[in-house]
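Inspection log for the structure reproduced underneath, given as structure tokens.
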Amino acid sequence: MAAYHVVMVHFPIALWLVAGLAIFIRGVSAGAIGQSFDKALPTLLVGGLIFGAVAWGLGLSVWPWETLSATPMGRNHMLLASWSWAYFALLTWLRLRHGAAIWQGLNRLLMVGLAGIGVVFVGITGTLGGHLVGNYTEVGQVLRLLGWEIYTTFYVPDLALWVIVAVSVVLLALGVLGRGGPRKAG
Amino acid sequence: MQSPKSLLALALFGGTLVFAWVTHGTGVVIDDADRNIAIPSDLTVPLQVQAAYNNTTMFFRYRWPAERPGIFHDVLRYQDGEWIREGRAVPGSQPDGLHEDRVAMMLDDGSVPEFGRYGGYIAIGDGLAGLTDEAPEEVTKYLPQTRNSLGQWDDMAGDDTIAAQRAAGYFLDLWHWRGGRSNPINVADDQVIAAARGGDVGRSSYGTNWDGDLNQPQMMFAAGHDTLQWDAILAGAVTQDDTYALTPVTAVPFDPEAGWQNGDVVPRRVLRTPEGSRADIGVVGEGRWEDGYWDVTLSRALDTGAPEDDKILRDQGAYQVAFAIHRNATGGRWHYVSLPATLGLGRPGDIVATQFQGRTPTWGEDWTDVTLFYPGQVTWPMLNSAEHAGAESIAEGVPVAFRHSPEQLANYGIEREFQPQIRRQWLFTLLAGVALIATFGFALSSTLSNREGA
């Protein structure tokens with residue numbers, strides 16, 4: 001399945017990177033070009049999610065779980081791939097749920113920032129996948145300089161796990177509280 | 001204006017990402033003596049190698065950094081009428097700075113094909129002493145085919161099979177220089193790795209300086225040599241220019257009435273002239289530590305006449321070698337190792353031995369640089385198991401250097417020492433990250449300002 005995974009991952013990567021570009025252009029331009037990119041955005045994002053899910057599933061079948069979960073690079077690739085998918089699902093949900101409202105006021109800058117983080121996630125995921133099949137890039141060196149040796153598994157200590165859980169609860173509460181506020185269709 | 005709640009959500013999300021980045025990789029990799037785990041601060045060490053040969057003799061020169069010279073292995077310290085053994089092996093660095101420095105070289109002529117591709121990894125079977133899951137008895141390095149099944153340290157092949165393997169050259173020649181147990185008498189230990197790691201036929205260069213019946217040393221320094229002091233040893237004040245080893249020249253039988261004082265020390269090893277095939281390797285000049293570096297030159301006959309103990313070397317021959325050093329008062333598996341390299345005698349190789357005329361080579365500054373790395377606990381059975389993504393590549397004969405660098409292998413080796421702990425922490429991190437993203441999306445979607453012109 002490795003070959004199929006390698007073929008398939010190009011689709012979500014391409015779609016998500018173009019989606020990131022579309023969000024950037026729409027974020028800085030409300031003109032005709034920006035509007036055109038915004039119209040294409042749902043297709044790019046939904047397509048990325050579908051192809052991403054297929055690629056993720058194929059990736060799981062490249063090696064048995066025993067192998068994948070024992071290999072630092074395999075672990076890292078899977079972690080970033082999962083986060084990338086979840087993250088673009090977030091962006092997709094925002095775009096589908098709020099429509100043009102995500103471009104109002106400072107929202108558009110927020111979207112540009114979020115898209116930037118998503119592109120970084122996808123970029124690292126792809127880089128790690130390249131390393132796994134023997135295609136090395138200097139991105140790994142950049143990550144080293146930033147503090148992550150990519151040949152070690154990315155994990156956080158228990159304290160950080162508890163912080164993430166606590167922040168997630170707070171975010172959940174914010175979401176529940178936010179649903180009660182005044183809303184207006186986009 | 002942006003909704004304050006969405007800004008708060010963004011700040012929490014971003015802050016948590018930063019916190020995760022800053023703290024990642026911590027909290028798990030911690031030394032644990034009970035599990036035989038001690039991670040060195042430096043994961044790689046440079047080694048420089050030169051090689052040369054004349055019509056009869058092979059020479060290797062090694063140079064590597066060491067903060068201080070490890071010239072003592074273990075010692076006996078006098079305290080209140082008793083002799084106390086100091087310098088027992090521990091995981092990692094011995095706290096008193098005891099345990100000798102060493103350089104070792106495995107050598108093969110192609111009779112062990114996997115060695116040229118995977119180096120010393122092939123000799124790390126399950127159950128080796130020093131591993132977290134070490135066998136109940138001391139198991140040393142062994143070659144895979146000396147066992148009936150991979151990973152079963154106690155499932156030995158038959159004696160006839162092992163003898164036939166040895167005659168066919170299925171063994172690794174091991175040159176083993178020791179800063180305390182061989183260097184003071186200008187020899188190195190000639191050893192072999194086959195069904196186990198052991199000495200060649202003959203006698204080693206050291207024995208134990210202890211009389212179990214009398215509970216006292218067997219030998220002490222002869223008159224005219226200063227008695228070693230424990231405080232001086234701890235301070236690193238005893239150098240190679242002092243008398244620090246019991247040799248045939250410096251040792252005399254122990255005298256319990258010699259006026260021993262608390263803090264007096266005698267080495268727990270007494271050196272002797274090695275014999276037989278085990279005595280084949282000599283030290284040229286003297287292995288010296290100076291300005292933070294060891295500089296050691298070893299020599300051995302090209303043809304020792306012991307083809308079942310040594311790899312016979314020939315002009316225009318091609319061989320495989322791998323190196324290891326011990327420093328910082330370490331023993332056992334707490335060494336630094338190299339990937340395998342090729343050695344050519346007058347022909348191309350990673351290391352090219354140059355032919356010369358005369359008794360000893362004139363070394364220039366043309367070194368071969370080798371990166372040594374801490375190997376952690378990576379066993380040959382594991383590398384050939386489903387836990388290693390490259391097991392299939394090994395089966396296909398792909399060399400380790402094709403996919404892995406020394407730096408990479410050092411990190412992988414450490415990860416193996418904490419395999420279940422890291423796997424658990426990674427899985428929780430993955431799931432926590434997904435939860436964070438999901439709740440962030442929910443919060444953002446619920447609080448995003450929809451007001452026109454906001």
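Note on naming: chains are A, B, ... as they come in the structure tokens, residues start from 1 per chain, ligands start from 1 in the order shown.
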
- Determine which residues of stretch 170-259 of chain B receive a DSSP assignment of helix (DSSP H, G or I), computed from the backbone, and state them as an MDAnalysis selection string. chainID B and resid 183:185 230:234

Counting only C-alpha atoms, which residues of chain A sit at most 6 Å from some atom of chain B, and what is each one's closest atom pair with its distance in Å to one decimal, listed by chain and rising residue number, as CSV?
residue,atom,partner,partner_atom,distance
A:Glu66,CA,B:Glu387,CA,5.8
A:Thr67,CA,B:Glu387,CA,4.4
A:Ala70,CA,B:Glu387,CA,5.7
A:Leu79,CA,B:Leu430,CA,5.4
A:Trp83,CA,B:Val434,CA,5.9
A:Leu90,CA,B:Gly441,CA,5.2
A:Ala101,CA,B:Asn450,CA,5.4
A:Gly105,CA,B:Ala454,CA,4.9
A:Tyr151,CA,B:Gln408,CA,5.9
A:Tyr155,CA,B:Trp426,CA,4.7
A:Val156,CA,B:His24,CA,4.3
A:Pro157,CA,B:Gly27,CA,5.2
A:Ser168,CA,B:Leu436,CA,5.2
A:Leu171,CA,B:Ala443,CA,5.4
A:Leu172,CA,B:Thr439,CA,5.4
A:Leu174,CA,B:Ala443,CA,5.5
A:Gly175,CA,B:Ala443,CA,3.7
A:Gly178,CA,B:Thr447,CA,4.7
A:Arg179,CA,B:Ser446,CA,5.1
A:Lys184,CA,B:Asn450,CA,5.8

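For the pair atom CA of B:Glu100 and atom CA of B:Pro69, the interatomic distance is 8.1 Å.
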
When DSSP works through the backbone of this structure, what residues of stretch 237-440 of chain B end up as strand (DSSP E), shown as a PDB file with N, CA and C atoms, in the first residue's frame?
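The resulting file, part_0.pdb, is shown below:
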ATOM      1  N   ALA B 251      55.591  -4.488  40.295  1.00  0.00           N
ATOM      2  CA  ALA B 251      54.847  -5.216  41.323  1.00  0.00           C
ATOM      3  C   ALA B 251      55.725  -6.189  42.100  1.00  0.00           C
ATOM      4  N   VAL B 252      55.415  -6.292  43.370  1.00  0.00           N
ATOM      5  CA  VAL B 252      56.030  -7.313  44.229  1.00  0.00           C
ATOM      6  C   VAL B 252      54.908  -7.945  45.056  1.00  0.00           C
ATOM      7  N   PRO B 253      55.141  -9.119  45.634  1.00  0.00           N
ATOM      8  CA  PRO B 253      54.088  -9.741  46.459  1.00  0.00           C
ATOM      9  C   PRO B 253      53.645  -8.815  47.588  1.00  0.00           C
ATOM     10  N   ASP B 264      45.145   4.593  51.162  1.00  0.00           N
ATOM     11  CA  ASP B 264      46.114   3.963  50.264  1.00  0.00           C
ATOM     12  C   ASP B 264      45.364   3.085  49.252  1.00  0.00           C
ATOM     13  N   VAL B 265      45.919   3.010  48.076  1.00  0.00           N
ATOM     14  CA  VAL B 265      45.235   2.297  46.985  1.00  0.00           C
ATOM     15  C   VAL B 265      46.228   1.420  46.236  1.00  0.00           C
ATOM     16  N   VAL B 266      45.770   0.220  45.881  1.00  0.00           N
ATOM     17  CA  VAL B 266      46.513  -0.585  44.899  1.00  0.00           C
ATOM     18  C   VAL B 266      45.532  -0.969  43.796  1.00  0.00           C
ATOM     19  N   PRO B 267      46.007  -1.071  42.558  1.00  0.00           N
ATOM     20  CA  PRO B 267      45.108  -1.489  41.473  1.00  0.00           C
ATOM     21  C   PRO B 267      44.536  -2.877  41.722  1.00  0.00           C
ATOM     22  N   ARG B 269      43.833  -4.827  39.400  1.00  0.00           N
ATOM     23  CA  ARG B 269      44.316  -5.666  38.298  1.00  0.00           C
ATOM     24  C   ARG B 269      45.829  -5.671  38.322  1.00  0.00           C
ATOM     25  N   VAL B 270      46.362  -6.827  38.088  1.00  0.00           N
ATOM     26  CA  VAL B 270      47.810  -6.936  37.977  1.00  0.00           C
ATOM     27  C   VAL B 270      48.125  -7.362  36.546  1.00  0.00           C
ATOM     28  N   LEU B 271      49.015  -6.620  35.934  1.00  0.00           N
ATOM     29  CA  LEU B 271      49.293  -6.858  34.515  1.00  0.00           C
ATOM     30  C   LEU B 271      50.418  -7.885  34.356  1.00  0.00           C
ATOM     31  N   GLU B 275      50.058 -14.129  26.412  1.00  0.00           N
ATOM     32  CA  GLU B 275      50.660 -15.255  25.700  1.00  0.00           C
ATOM     33  C   GLU B 275      49.724 -15.768  24.611  1.00  0.00           C
ATOM     34  N   GLY B 276      50.323 -16.474  23.675  1.00  0.00           N
ATOM     35  CA  GLY B 276      49.555 -17.122  22.622  1.00  0.00           C
ATOM     36  C   GLY B 276      48.976 -16.131  21.630  1.00  0.00           C
ATOM     37  N   GLY B 282      50.207  -5.335  19.561  1.00  0.00           N
ATOM     38  CA  GLY B 282      51.065  -4.492  20.382  1.00  0.00           C
ATOM     39  C   GLY B 282      50.716  -3.025  20.240  1.00  0.00           C
ATOM     40  N   VAL B 283      51.208  -2.236  21.180  1.00  0.00           N
ATOM     41  CA  VAL B 283      51.051  -0.786  21.115  1.00  0.00           C
ATOM     42  C   VAL B 283      52.365  -0.199  20.627  1.00  0.00           C
ATOM     43  N   ARG B 288      49.020   7.497  24.427  1.00  0.00           N
ATOM     44  CA  ARG B 288      49.143   8.672  25.290  1.00  0.00           C
ATOM     45  C   ARG B 288      47.900   9.544  25.214  1.00  0.00           C
ATOM     46  N   TRP B 289      47.526  10.090  26.370  1.00  0.00           N
ATOM     47  CA  TRP B 289      46.494  11.119  26.433  1.00  0.00           C
ATOM     48  C   TRP B 289      47.183  12.457  26.610  1.00  0.00           C
ATOM     49  N   GLU B 290      46.818  13.403  25.770  1.00  0.00           N
ATOM     50  CA  GLU B 290      47.438  14.715  25.868  1.00  0.00           C
ATOM     51  C   GLU B 290      46.502  15.771  25.303  1.00  0.00           C
ATOM     52  N   TYR B 293      43.047  14.581  24.190  1.00  0.00           N
ATOM     53  CA  TYR B 293      42.892  13.548  23.151  1.00  0.00           C
ATOM     54  C   TYR B 293      43.753  12.331  23.463  1.00  0.00           C
ATOM     55  N   TRP B 294      43.193  11.168  23.202  1.00  0.00           N
ATOM     56  CA  TRP B 294      43.991   9.948  23.178  1.00  0.00           C
ATOM     57  C   TRP B 294      44.598   9.781  21.787  1.00  0.00           C
ATOM     58  N   ASP B 295      45.817   9.304  21.748  1.00  0.00           N
ATOM     59  CA  ASP B 295      46.490   9.002  20.486  1.00  0.00           C
ATOM     60  C   ASP B 295      47.122   7.620  20.653  1.00  0.00           C
ATOM     61  N   VAL B 296      46.539   6.637  19.986  1.00  0.00           N
ATOM     62  CA  VAL B 296      46.926   5.243  20.202  1.00  0.00           C
ATOM     63  C   VAL B 296      47.244   4.592  18.857  1.00  0.00           C
ATOM     64  N   THR B 297      48.367   3.939  18.781  1.00  0.00           N
ATOM     65  CA  THR B 297      48.732   3.201  17.567  1.00  0.00           C
ATOM     66  C   THR B 297      48.925   1.724  17.916  1.00  0.00           C
ATOM     67  N   LEU B 298      48.210   0.866  17.197  1.00  0.00           N
ATOM     68  CA  LEU B 298      48.303  -0.571  17.407  1.00  0.00           C
ATOM     69  C   LEU B 298      48.948  -1.241  16.192  1.00  0.00           C
ATOM     70  N   SER B 299      49.589  -2.359  16.453  1.00  0.00           N
ATOM     71  CA  SER B 299      50.199  -3.093  15.336  1.00  0.00           C
ATOM     72  C   SER B 299      49.981  -4.592  15.531  1.00  0.00           C
ATOM     73  N   ARG B 300      49.942  -5.293  14.419  1.00  0.00           N
ATOM     74  CA  ARG B 300      49.771  -6.745  14.462  1.00  0.00           C
ATOM     75  C   ARG B 300      50.320  -7.335  13.178  1.00  0.00           C
ATOM     76  N   ALA B 301      50.804  -8.539  13.250  1.00  0.00           N
ATOM     77  CA  ALA B 301      51.297  -9.183  12.032  1.00  0.00           C
ATOM     78  C   ALA B 301      50.148  -9.307  11.024  1.00  0.00           C
ATOM     79  N   ALA B 318      40.625  -6.354   0.705  1.00  0.00           N
ATOM     80  CA  ALA B 318      39.518  -5.477   1.098  1.00  0.00           C
ATOM     81  C   ALA B 318      38.844  -6.077   2.332  1.00  0.00           C
ATOM     82  N   TYR B 319      38.620  -5.246   3.333  1.00  0.00           N
ATOM     83  CA  TYR B 319      38.113  -5.727   4.623  1.00  0.00           C
ATOM     84  C   TYR B 319      37.030  -4.768   5.140  1.00  0.00           C
ATOM     85  N   GLN B 320      36.403  -5.191   6.188  1.00  0.00           N
ATOM     86  CA  GLN B 320      35.395  -4.357   6.822  1.00  0.00           C
ATOM     87  C   GLN B 320      35.785  -4.144   8.288  1.00  0.00           C
ATOM     88  N   VAL B 321      35.569  -2.923   8.754  1.00  0.00           N
ATOM     89  CA  VAL B 321      35.906  -2.608  10.143  1.00  0.00           C
ATOM     90  C   VAL B 321      34.777  -1.792  10.772  1.00  0.00           C
ATOM     91  N   ALA B 322      34.715  -1.833  12.087  1.00  0.00           N
ATOM     92  CA  ALA B 322      33.831  -0.946  12.846  1.00  0.00           C
ATOM     93  C   ALA B 322      34.522  -0.671  14.169  1.00  0.00           C
ATOM     94  N   PHE B 323      34.321   0.540  14.695  1.00  0.00           N
ATOM     95  CA  PHE B 323      35.090   0.991  15.849  1.00  0.00           C
ATOM     96  C   PHE B 323      34.183   1.276  17.044  1.00  0.00           C
ATOM     97  N   ALA B 324      34.806   1.306  18.201  1.00  0.00           N
ATOM     98  CA  ALA B 324      34.082   1.707  19.416  1.00  0.00           C
ATOM     99  C   ALA B 324      35.080   2.285  20.405  1.00  0.00           C
ATOM    100  N   ILE B 325      34.608   3.205  21.212  1.00  0.00           N
ATOM    101  CA  ILE B 325      35.436   3.710  22.319  1.00  0.00           C
ATOM    102  C   ILE B 325      34.615   3.733  23.602  1.00  0.00           C
ATOM    103  N   HIS B 326      35.310   3.612  24.706  1.00  0.00           N
ATOM    104  CA  HIS B 326      34.759   3.913  26.029  1.00  0.00           C
ATOM    105  C   HIS B 326      35.508   5.125  26.548  1.00  0.00           C
ATOM    106  N   TYR B 336      30.619   4.267  22.604  1.00  0.00           N
ATOM    107  CA  TYR B 336      30.251   4.894  21.332  1.00  0.00           C
ATOM    108  C   TYR B 336      30.735   3.979  20.218  1.00  0.00           C
ATOM    109  N   VAL B 337      29.912   3.778  19.228  1.00  0.00           N
ATOM    110  CA  VAL B 337      30.249   2.836  18.162  1.00  0.00           C
ATOM    111  C   VAL B 337      30.161   3.528  16.802  1.00  0.00           C
ATOM    112  N   ALA B 341      32.773   0.345   8.113  1.00  0.00           N
ATOM    113  CA  ALA B 341      33.524   1.041   7.058  1.00  0.00           C
ATOM    114  C   ALA B 341      34.370   0.009   6.329  1.00  0.00           C
ATOM    115  N   THR B 342      34.709   0.335   5.107  1.00  0.00           N
ATOM    116  CA  THR B 342      35.568  -0.574   4.358  1.00  0.00           C
ATOM    117  C   THR B 342      37.025  -0.163   4.535  1.00  0.00           C
ATOM    118  N   LEU B 343      37.878  -1.144   4.524  1.00  0.00           N
ATOM    119  CA  LEU B 343      39.319  -0.934   4.672  1.00  0.00           C
ATOM    120  C   LEU B 343      40.011  -1.552   3.469  1.00  0.00           C
ATOM    121  N   GLY B 344      40.784  -0.761   2.776  1.00  0.00           N
ATOM    122  CA  GLY B 344      41.524  -1.278   1.630  1.00  0.00           C
ATOM    123  C   GLY B 344      43.019  -1.223   1.889  1.00  0.00           C
ATOM    124  N   LEU B 345      43.678  -2.332   1.695  1.00  0.00           N
ATOM    125  CA  LEU B 345      45.141  -2.352   1.832  1.00  0.00           C
ATOM    126  C   LEU B 345      45.750  -2.076   0.460  1.00  0.00           C
ATOM    127  N   ILE B 351      38.592   3.603   4.425  1.00  0.00           N
ATOM    128  CA  ILE B 351      39.901   3.824   5.038  1.00  0.00           C
ATOM    129  C   ILE B 351      40.930   3.125   4.140  1.00  0.00           C
ATOM    130  N   VAL B 352      41.881   3.878   3.684  1.00  0.00           N
ATOM    131  CA  VAL B 352      42.899   3.302   2.804  1.00  0.00           C
ATOM    132  C   VAL B 352      44.196   3.140   3.597  1.00  0.00           C
ATOM    133  N   ALA B 353      44.629   1.898   3.744  1.00  0.00           N
ATOM    134  CA  ALA B 353      45.906   1.628   4.401  1.00  0.00           C
ATOM    135  C   ALA B 353      47.009   1.765   3.346  1.00  0.00           C
ATOM    136  N   THR B 354      47.969   2.609   3.678  1.00  0.00           N
ATOM    137  CA  THR B 354      49.044   2.848   2.713  1.00  0.00           C
ATOM    138  C   THR B 354      50.230   1.942   3.010  1.00  0.00           C
ATOM    139  N   GLN B 355      50.827   1.457   1.954  1.00  0.00           N
ATOM    140  CA  GLN B 355      51.985   0.571   2.115  1.00  0.00           C
ATOM    141  C   GLN B 355      53.245   1.408   2.276  1.00  0.00           C
ATOM    142  N   THR B 368      41.173   9.597   8.393  1.00  0.00           N
ATOM    143  CA  THR B 368      39.792   9.292   8.026  1.00  0.00           C
ATOM    144  C   THR B 368      38.925   9.618   9.235  1.00  0.00           C
ATOM    145  N   ASP B 369      37.947  10.492   9.026  1.00  0.00           N
ATOM    146  CA  ASP B 369      37.059  10.894  10.122  1.00  0.00           C
ATOM    147  C   ASP B 369      35.879   9.934  10.230  1.00  0.00           C
ATOM    148  N   VAL B 370      35.663   9.465  11.416  1.00  0.00           N
ATOM    149  CA  VAL B 370      34.564   8.538  11.692  1.00  0.00           C
ATOM    150  C   VAL B 370      33.704   9.151  12.790  1.00  0.00           C
ATOM    151  N   THR B 371      32.402   9.109  12.610  1.00  0.00           N
ATOM    152  CA  THR B 371      31.503   9.595  13.665  1.00  0.00           C
ATOM    153  C   THR B 371      31.028   8.409  14.498  1.00  0.00           C
ATOM    154  N   LEU B 372      31.375   8.450  15.771  1.00  0.00           N
ATOM    155  CA  LEU B 372      30.904   7.427  16.692  1.00  0.00           C
ATOM    156  C   LEU B 372      29.612   7.916  17.341  1.00  0.00           C
ATOM    157  N   PHE B 373      28.761   6.987  17.707  1.00  0.00           N
ATOM    158  CA  PHE B 373      27.483   7.389  18.308  1.00  0.00           C
ATOM    159  C   PHE B 373      27.103   6.431  19.426  1.00  0.00           C
TER     160      PHE B 373
END

- Query: What's the 9 Å shell around B:Arg359, counting only C-alpha atoms, without same-chain residues fewer than 2 positions away, as a PyMOL selection string?
  - Reply: chain B and resi 54+57+356-357+361

Save out the residues we just selected, C-alpha atoms, as an mmCIF file, in the first residue's frame.
data_model
loop_
_atom_site.group_PDB
_atom_site.id
_atom_site.type_symbol
_atom_site.label_atom_id
_atom_site.label_comp_id
_atom_site.auth_asym_id
_atom_site.auth_seq_id
_atom_site.Cartn_x
_atom_site.Cartn_y
_atom_site.Cartn_z
ATOM 1 C CA ASN B 54 54.590 -2.969 5.455
ATOM 2 C CA THR B 57 52.834 -5.766 9.909
ATOM 3 C CA PHE B 356 55.386 1.690 3.349
ATOM 4 C CA GLN B 357 58.891 0.360 3.713
ATOM 5 C CA PRO B 361 54.970 4.253 9.435
#

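Proximity ranking of B:Glu392, B:Pro399, B:Gln229, B:Thr250 relative to A:Trp63 places B:Glu392 first, based on only C-alpha atoms.
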
- Message: Need to verify the contact set: stretch 145-161 of chain B, 8 Å, only C-alpha atoms, exclusion of same-chain residues closer than 6 positions in sequence. Can you return it as JSON, numbers by chain?
- Response: {"B": [125, 126, 127, 139, 194, 195, 380, 381]}

Surrounding residues of A:Leu143 excluding itself and chain neighbours under 6 positions, 10 Å, only C-alpha atoms, as a compact mmCIF listing (two decimals) with N, CA and C atoms, in the first residue's frame:
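Below you can see around22.txt, which holds the result:
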# COMPACT_ATOMS: atom_id res chain seq x y z
N ILE A 124 5.06 20.13 7.27
CA ILE A 124 5.87 19.23 8.11
C ILE A 124 5.48 17.77 7.87
N GLU A 149 14.30 17.89 17.21
CA GLU A 149 15.07 16.90 16.45
C GLU A 149 14.06 15.91 15.86
N ILE A 150 13.90 15.95 14.56
CA ILE A 150 12.81 15.18 13.95
C ILE A 150 13.05 13.67 14.01

- Interatomic distance, atom CA of A:Ala3 to atom CA of A:Thr71 (Å, one decimal): 19.0 Å

Exercise: stretch 126-132 of chain A partners within 10 Å, only C-alpha atoms, chain neighbours under 4 positions left out, as a short mmCIF file (atom, residue, chain, number, x, y, z; two decimals) with C-alpha atoms, in the first residue's frame:
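In the end it all went to selection20.cif:
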data_model
loop_
_atom_site.label_atom_id
_atom_site.label_comp_id
_atom_site.auth_asym_id
_atom_site.auth_seq_id
_atom_site.Cartn_x
_atom_site.Cartn_y
_atom_site.Cartn_z
CA VAL A 6 2.53 8.11 -1.80
CA VAL A 9 -1.06 12.11 -0.40
CA HIS A 10 -0.35 14.49 -3.24
CA ILE A 13 -1.39 18.33 0.02
CA GLY A 59 -0.93 5.36 5.40
CA THR A 71 9.14 4.05 14.63
CA MET A 73 9.51 8.97 12.08
CA GLY A 74 6.38 6.90 11.58
CA ARG A 75 4.93 8.24 14.81
CA ASN A 76 5.75 11.81 13.89
CA HIS A 77 4.32 11.46 10.43
CA MET A 78 1.11 10.01 11.78
CA LEU A 80 1.24 15.53 12.07
CA ALA A 81 -1.02 13.92 9.47
CA VAL A 120 2.88 24.57 8.33
CA PHE A 121 1.22 21.38 9.62
CA VAL A 122 0.82 19.99 6.11
CA TYR A 136 15.40 14.29 2.67
CA THR A 137 14.94 18.07 2.73
CA GLU A 138 16.41 20.93 4.69
CA VAL A 139 13.06 21.48 6.41
CA GLY A 140 14.23 18.96 8.96
CA ILE A 150 12.81 15.18 13.95
CA TYR A 151 14.50 11.82 14.53
CA ALA B 389 10.22 -0.50 9.62
CA ARG B 403 19.07 4.96 5.27
#

- Can you list, as a ChimeraX atom specification, every protein, DNA or RNA residue that comes within 9 Å of A:Leu45 when you count only C-alpha atoms, leaving out same-chain residues fewer than 4 positions away? /A:12,15-16,19,40-41,49-50,88-89,91-92,95
